[in-house]
Amino acid sequence: MAEDKEPSKDNRNDKNTKPKFNSNWIFVILILSVFAVQIFFTGKSSQKAGQREIEQMVINHDIEKVVVINKDHAEIFIKADSLRSGRYPDFEEQKSFGLQPQKPQYFHNFGTVELFEEFFAEVQEKAGYSEAEWIHLEYQTRKDYFGTFLGVILPFLLIAAVWIYFMRRMASGSGGAGGNIFSVGKSKAQIFDKDTHVKINFNDVAGLEEAKTEVMEIVDFLKNPKKYTSLGGKIPKGALLVGPPGTGKTLLAKAVAGEANVPFFSISGSDFVEMFVGVGASRVRDLFRQAKEKAPCIVFIDEIDAVGRARGRNPNFGANDERENTLNQLLTEMDGFGTNSGVIILAATNRADILDKALLRAGRFDRQIHVELPDLKEREAIFKVHLRPVKLDEKFDIAFLAKQTPGFSGADIANVCNEAALIAARGNKTVVEKQDFLDAIDRIIGGLEKKNKIISLEEKKTIAYHEAGHATCSWLLEHASPLLKVTIIPRGKALGAAWYLPEERSISTREHILDELAYALGGRAAEEIVIGKISTGALSDLEKVTKQAYAMVAWFGMSGEIGNMSYYDSSGQSDYGFTKPYSEKTAELIDSEAKKIVEESYLKAKEIISSNIDGLRQLADQLLEKEVIFSEDLERIFGKRRGDTTARDMTEQPKSIEDTAAV
């Protein structure tokens, strides 16, 4: 089959190389024809003659005839013998070209025909013309058809020619699909087939083992459909990739395109949305028409939430929503009366909660593949992929990097690798070292160091005690995340920062959250106890604590007064609501319970600071002296962390996630 297709492709290329007739040549030929008629069917142009010249012609008996045209001017014809006499060197004996009429040698403009008749008669009498020699004026009425054509018809022809030219240019799609007014309803999908094959495959997608298993089965459906249909199964119509930004949803779809070896249509959800009414629905129809022609194939719609948002959530109440019309057409095409056999829909979004329920039902998206943030082993595999082009030290430990990047997505890890290479190049190194990656992680999390920022000694002391308060509370609280590094070097908008290594757990207990609130308030508590004043440096801490406290009360049911009630709306329908799902009395109760939780956490932080004031002062002094302290410094001052199973690894993990204190 492959051998039969190749010649047809070559023949098609041969046909395309043949010169095609351009209709614009018709207009060129018409214009050249007009000029040709003017050149070949008109003689030498006539010259103007005054009364003296006419009088001399009459005296010399050179005039053959005089024709008065439209009572406007007179045409004077000279005898052939007189032309050959040499008295008229500007004119030779004119020859006729068949249809060409005889042209006058001279013309004379006059005011009125009566005055010209009187003048011409007097001249002839003066020259002594006999009755036989007398020249009688001839009268003709002429219509200038060519002039009328040029003045009236030609402008319309030129306008029509210009209009046809631009319309053909626009219809030719010079701007690509959807780049002109005639193709505005055409699909903007980028097609990848055997001629434009995607080079990415599953080997380039690290981690995501469960997601890869799901999509690999879809690829197998397309390659061996009889394997499944023979048992009575049906090929799934669609799969929805759901997950946070940067986790590799689009990369996974590209790998499917590279592995499936079938036509792959890639389009963004925003490409369906247009200001013109009906354009989105038209593009959906055109996309599926093309997909049916190339079936079996895959259609990938990235960021489908741009067009798939649940109907009825548009804040423009009563308006004709073009997006909803597009969604209705998409629903019809995916599972309507028409059949889309062999067409599998892949879509990606990080906002699955706002999608229309009709879009998520079985028969449209039969499978929802969750692409979550990578765990420790998956991060290590992702690092191995992104570190392929990076020149590393021979003893470099990739597992170490995976431990330093909890909560990082695949895109974040790629950014770390690139930033580390740039930092190493900036330092004129031949290989990228461990410290370069640590500096890259710090820069990505906290921003660029601002060592030259002017900070007074009093402010620096406040920042030092603030960060020391965080460090003390986090080290002494059992359920708090272990602290790895504290610095008072400004980064980004933060004047000080503390790095923690949060435990990778799926659920959190009330004790975990309360300890997190306590060490977040440790900076404010240290300022109040040691310095006696509080500052604006706890802004980010207070914001975090307030949101967490309200979540405990209103979402997680962790308040004794509210009880096991949750006012969290996972569907997102309350976003455009005018009322809250609870009464004003309950709102006051939520406020008081959240405030109670924050106050209790603050008192807990103050209690820890007060009972360990000497250790706090030692940490603050070291921060003022060194500007950076690590977990081993805290272990030396406070001893080993209670209930910490990772204390032995902390000396090998000096950096991780940041908790800023923005002043």
# chains A, B, ... in the order shown; residues from 1 in each chain; ligands from 1
$ residues_around --residues "range 115-119 of chain A" --least-positions-apart "2" --cutoff "10 Å" --atoms "only C-alpha atoms" --output "MDAnalysis selection string"
chainID A and resid 51 55 68 71 73:74 108:113 121:124 136:137
$ write_last_selection --atoms "N, CA, C and O atoms" --output "PDB file, in the first residue's frame"
ATOM      1  N   GLN A  51      -6.533  81.512 -38.342  1.00  0.00           N
ATOM      2  CA  GLN A  51      -7.154  82.103 -39.536  1.00  0.00           C
ATOM      3  C   GLN A  51      -6.106  82.444 -40.595  1.00  0.00           C
ATOM      4  O   GLN A  51      -6.368  82.311 -41.804  1.00  0.00           O
ATOM      5  N   GLU A  55      -6.115  81.010 -44.344  1.00  0.00           N
ATOM      6  CA  GLU A  55      -6.136  81.942 -45.498  1.00  0.00           C
ATOM      7  C   GLU A  55      -5.025  81.610 -46.484  1.00  0.00           C
ATOM      8  O   GLU A  55      -5.221  81.624 -47.706  1.00  0.00           O
ATOM      9  N   VAL A  68     -17.181  70.634 -40.836  1.00  0.00           N
ATOM     10  CA  VAL A  68     -17.554  71.223 -39.546  1.00  0.00           C
ATOM     11  C   VAL A  68     -18.150  70.105 -38.676  1.00  0.00           C
ATOM     12  O   VAL A  68     -19.144  69.478 -39.063  1.00  0.00           O
ATOM     13  N   LYS A  71     -20.746  71.510 -35.092  1.00  0.00           N
ATOM     14  CA  LYS A  71     -20.830  72.966 -34.954  1.00  0.00           C
ATOM     15  C   LYS A  71     -19.909  73.483 -33.852  1.00  0.00           C
ATOM     16  O   LYS A  71     -20.191  74.487 -33.198  1.00  0.00           O
ATOM     17  N   HIS A  73     -16.027  72.722 -34.122  1.00  0.00           N
ATOM     18  CA  HIS A  73     -14.731  72.990 -34.727  1.00  0.00           C
ATOM     19  C   HIS A  73     -14.741  72.455 -36.154  1.00  0.00           C
ATOM     20  O   HIS A  73     -15.652  71.710 -36.550  1.00  0.00           O
ATOM     21  N   ALA A  74     -13.711  72.850 -36.902  1.00  0.00           N
ATOM     22  CA  ALA A  74     -13.623  72.459 -38.312  1.00  0.00           C
ATOM     23  C   ALA A  74     -12.373  71.634 -38.533  1.00  0.00           C
ATOM     24  O   ALA A  74     -11.304  71.937 -37.982  1.00  0.00           O
ATOM     25  N   HIS A 108      -9.529  73.630 -36.681  1.00  0.00           N
ATOM     26  CA  HIS A 108      -9.668  75.041 -36.320  1.00  0.00           C
ATOM     27  C   HIS A 108     -10.857  75.190 -35.394  1.00  0.00           C
ATOM     28  O   HIS A 108     -11.962  74.742 -35.701  1.00  0.00           O
ATOM     29  N   ASN A 109     -10.610  75.793 -34.234  1.00  0.00           N
ATOM     30  CA  ASN A 109     -11.678  76.049 -33.271  1.00  0.00           C
ATOM     31  C   ASN A 109     -12.254  77.439 -33.513  1.00  0.00           C
ATOM     32  O   ASN A 109     -11.513  78.406 -33.696  1.00  0.00           O
ATOM     33  N   PHE A 110     -13.568  77.531 -33.499  1.00  0.00           N
ATOM     34  CA  PHE A 110     -14.216  78.826 -33.736  1.00  0.00           C
ATOM     35  C   PHE A 110     -15.270  79.059 -32.677  1.00  0.00           C
ATOM     36  O   PHE A 110     -15.671  78.135 -31.960  1.00  0.00           O
ATOM     37  N   GLY A 111     -15.704  80.329 -32.630  1.00  0.00           N
ATOM     38  CA  GLY A 111     -16.706  80.685 -31.633  1.00  0.00           C
ATOM     39  C   GLY A 111     -18.085  80.185 -32.031  1.00  0.00           C
ATOM     40  O   GLY A 111     -18.710  79.418 -31.304  1.00  0.00           O
ATOM     41  N   THR A 112     -18.554  80.659 -33.230  1.00  0.00           N
ATOM     42  CA  THR A 112     -19.847  80.190 -33.741  1.00  0.00           C
ATOM     43  C   THR A 112     -19.655  79.767 -35.174  1.00  0.00           C
ATOM     44  O   THR A 112     -18.755  80.241 -35.885  1.00  0.00           O
ATOM     45  N   VAL A 113     -20.501  78.863 -35.607  1.00  0.00           N
ATOM     46  CA  VAL A 113     -20.374  78.356 -36.972  1.00  0.00           C
ATOM     47  C   VAL A 113     -20.699  79.441 -38.002  1.00  0.00           C
ATOM     48  O   VAL A 113     -20.153  79.448 -39.122  1.00  0.00           O
ATOM     49  N   ALA A 121     -15.910  82.152 -46.475  1.00  0.00           N
ATOM     50  CA  ALA A 121     -16.418  82.650 -47.772  1.00  0.00           C
ATOM     51  C   ALA A 121     -15.621  83.870 -48.217  1.00  0.00           C
ATOM     52  O   ALA A 121     -15.271  84.007 -49.410  1.00  0.00           O
ATOM     53  N   GLU A 122     -15.318  84.777 -47.292  1.00  0.00           N
ATOM     54  CA  GLU A 122     -14.549  85.974 -47.632  1.00  0.00           C
ATOM     55  C   GLU A 122     -13.155  85.611 -48.131  1.00  0.00           C
ATOM     56  O   GLU A 122     -12.623  86.219 -49.068  1.00  0.00           O
ATOM     57  N   VAL A 123     -12.519  84.591 -47.475  1.00  0.00           N
ATOM     58  CA  VAL A 123     -11.177  84.189 -47.879  1.00  0.00           C
ATOM     59  C   VAL A 123     -11.185  83.643 -49.307  1.00  0.00           C
ATOM     60  O   VAL A 123     -10.289  83.932 -50.125  1.00  0.00           O
ATOM     61  N   GLN A 124     -12.196  82.862 -49.626  1.00  0.00           N
ATOM     62  CA  GLN A 124     -12.261  82.282 -50.977  1.00  0.00           C
ATOM     63  C   GLN A 124     -12.516  83.372 -52.019  1.00  0.00           C
ATOM     64  O   GLN A 124     -11.957  83.335 -53.136  1.00  0.00           O
ATOM     65  N   HIS A 136     -17.213  74.037 -50.538  1.00  0.00           N
ATOM     66  CA  HIS A 136     -18.408  74.114 -49.689  1.00  0.00           C
ATOM     67  C   HIS A 136     -18.151  73.358 -48.383  1.00  0.00           C
ATOM     68  O   HIS A 136     -17.609  72.263 -48.378  1.00  0.00           O
ATOM     69  N   LEU A 137     -18.543  73.989 -47.315  1.00  0.00           N
ATOM     70  CA  LEU A 137     -18.361  73.360 -45.997  1.00  0.00           C
ATOM     71  C   LEU A 137     -19.277  72.146 -45.851  1.00  0.00           C
ATOM     72  O   LEU A 137     -20.428  72.151 -46.286  1.00  0.00           O
TER      73      LEU A 137
END
$ closest_residue --among "A:Glu503, A:Glu543, A:Glu53, A:Glu64" --to "Leu376 in chain A" --atoms "only C-alpha atoms"
A:Glu503
$ closest_residue --among "A:Ala425, A:Ala257, A:Ala206, A:Leu401" --to "Phe437 in chain A" --atoms "only C-alpha atoms"
A:Leu401
$ atom_distance --atom1 "CA of Ala420 in chain A" --atom2 "CA of Glu433 in chain A"
8.3 Å
$ atom_distance --atom1 "CA of Ile507 in chain A" --atom2 "CA of Ile445 in chain A"
24.1 Å
$ residues_around --residues "Ile608 in chain A" --least-positions-apart "2" --cutoff "8 Å" --atoms "only C-alpha atoms" --output "short mmCIF file (atom, residue, chain, number, x, y, z; two decimals) with N, CA and C atoms, in the first residue's frame"
data_model
loop_
_atom_site.label_atom_id
_atom_site.label_comp_id
_atom_site.auth_asym_id
_atom_site.auth_seq_id
_atom_site.Cartn_x
_atom_site.Cartn_y
_atom_site.Cartn_z
N THR A 472 12.38 29.20 65.29
CA THR A 472 12.23 28.59 66.61
C THR A 472 10.93 27.80 66.72
N CYS A 473 9.82 28.43 66.30
CA CYS A 473 8.52 27.75 66.40
C CYS A 473 8.46 26.52 65.50
N LEU A 476 10.43 23.62 67.09
CA LEU A 476 9.96 23.06 68.36
C LEU A 476 8.53 22.51 68.29
N LYS A 604 0.03 30.38 71.45
CA LYS A 604 0.91 29.21 71.45
C LYS A 604 2.30 29.58 70.96
N ALA A 605 2.36 30.42 69.92
CA ALA A 605 3.65 30.88 69.41
C ALA A 605 4.38 31.72 70.45
N LYS A 606 3.67 32.61 71.15
CA LYS A 606 4.29 33.45 72.17
C LYS A 606 4.81 32.60 73.34
N SER A 610 8.66 32.60 74.43
CA SER A 610 9.02 33.02 75.79
C SER A 610 9.84 31.96 76.51
N SER A 611 9.49 30.69 76.30
CA SER A 611 10.20 29.61 76.99
C SER A 611 11.53 29.28 76.34
N ASN A 612 11.80 29.81 75.18
CA ASN A 612 13.07 29.54 74.48
C ASN A 612 13.70 30.85 74.00
#
$ atom_distance --atom1 "CA of Gln140 in chain A" --atom2 "CA of Ile69 in chain A"
5.0 Å
$ select_by_dssp --residues "range 375-595 of chain A" --states "strand (DSSP E or B)" --output "ChimeraX atom specification"
/A:392,432,449,483-487,491,494,496-500
$ write_last_selection --atoms "N, CA and C atoms" --output "PDB file, in the first residue's frame"
ATOM      1  N   LEU A 392      26.786  18.071  33.502  1.00  0.00           N
ATOM      2  CA  LEU A 392      26.785  17.962  34.957  1.00  0.00           C
ATOM      3  C   LEU A 392      28.135  17.490  35.476  1.00  0.00           C
ATOM      4  N   VAL A 432      27.804  22.262  35.271  1.00  0.00           N
ATOM      5  CA  VAL A 432      26.818  22.785  36.212  1.00  0.00           C
ATOM      6  C   VAL A 432      26.934  21.991  37.509  1.00  0.00           C
ATOM      7  N   GLU A 449      18.495  37.885  44.625  1.00  0.00           N
ATOM      8  CA  GLU A 449      19.020  38.513  45.841  1.00  0.00           C
ATOM      9  C   GLU A 449      19.277  40.003  45.620  1.00  0.00           C
ATOM     10  N   LEU A 483      12.232  23.187  59.207  1.00  0.00           N
ATOM     11  CA  LEU A 483      12.906  24.323  58.585  1.00  0.00           C
ATOM     12  C   LEU A 483      14.283  23.901  58.085  1.00  0.00           C
ATOM     13  N   LEU A 484      14.650  24.399  56.924  1.00  0.00           N
ATOM     14  CA  LEU A 484      15.921  24.020  56.320  1.00  0.00           C
ATOM     15  C   LEU A 484      16.902  25.177  56.229  1.00  0.00           C
ATOM     16  N   LYS A 485      16.384  26.385  56.046  1.00  0.00           N
ATOM     17  CA  LYS A 485      17.283  27.521  55.839  1.00  0.00           C
ATOM     18  C   LYS A 485      16.545  28.803  56.174  1.00  0.00           C
ATOM     19  N   VAL A 486      17.243  29.751  56.776  1.00  0.00           N
ATOM     20  CA  VAL A 486      16.691  31.069  57.076  1.00  0.00           C
ATOM     21  C   VAL A 486      17.685  32.116  56.601  1.00  0.00           C
ATOM     22  N   THR A 487      17.185  33.180  55.986  1.00  0.00           N
ATOM     23  CA  THR A 487      18.060  34.249  55.502  1.00  0.00           C
ATOM     24  C   THR A 487      17.392  35.594  55.725  1.00  0.00           C
ATOM     25  N   ARG A 491      15.081  39.235  48.987  1.00  0.00           N
ATOM     26  CA  ARG A 491      14.833  38.561  47.712  1.00  0.00           C
ATOM     27  C   ARG A 491      13.471  39.007  47.202  1.00  0.00           C
ATOM     28  N   ALA A 494      10.454  40.302  49.339  1.00  0.00           N
ATOM     29  CA  ALA A 494      10.641  39.870  50.724  1.00  0.00           C
ATOM     30  C   ALA A 494      11.964  40.378  51.267  1.00  0.00           C
ATOM     31  N   GLY A 496      13.117  39.112  54.143  1.00  0.00           N
ATOM     32  CA  GLY A 496      13.677  37.930  54.783  1.00  0.00           C
ATOM     33  C   GLY A 496      12.868  36.723  54.355  1.00  0.00           C
ATOM     34  N   ALA A 497      13.462  35.545  54.468  1.00  0.00           N
ATOM     35  CA  ALA A 497      12.760  34.351  54.001  1.00  0.00           C
ATOM     36  C   ALA A 497      13.206  33.147  54.796  1.00  0.00           C
ATOM     37  N   ALA A 498      12.291  32.181  54.901  1.00  0.00           N
ATOM     38  CA  ALA A 498      12.591  30.912  55.560  1.00  0.00           C
ATOM     39  C   ALA A 498      12.134  29.785  54.647  1.00  0.00           C
ATOM     40  N   TRP A 499      12.984  28.793  54.484  1.00  0.00           N
ATOM     41  CA  TRP A 499      12.687  27.649  53.618  1.00  0.00           C
ATOM     42  C   TRP A 499      12.315  26.444  54.483  1.00  0.00           C
ATOM     43  N   TYR A 500      11.258  25.762  54.071  1.00  0.00           N
ATOM     44  CA  TYR A 500      10.786  24.588  54.793  1.00  0.00           C
ATOM     45  C   TYR A 500      10.714  23.399  53.836  1.00  0.00           C
TER      46      TYR A 500
END
$ closest_residue --among "A:Val343, A:Ile463, A:Ala587, A:Val256" --to "Arg289 in chain A" --atoms "only C-alpha atoms"
A:Val343
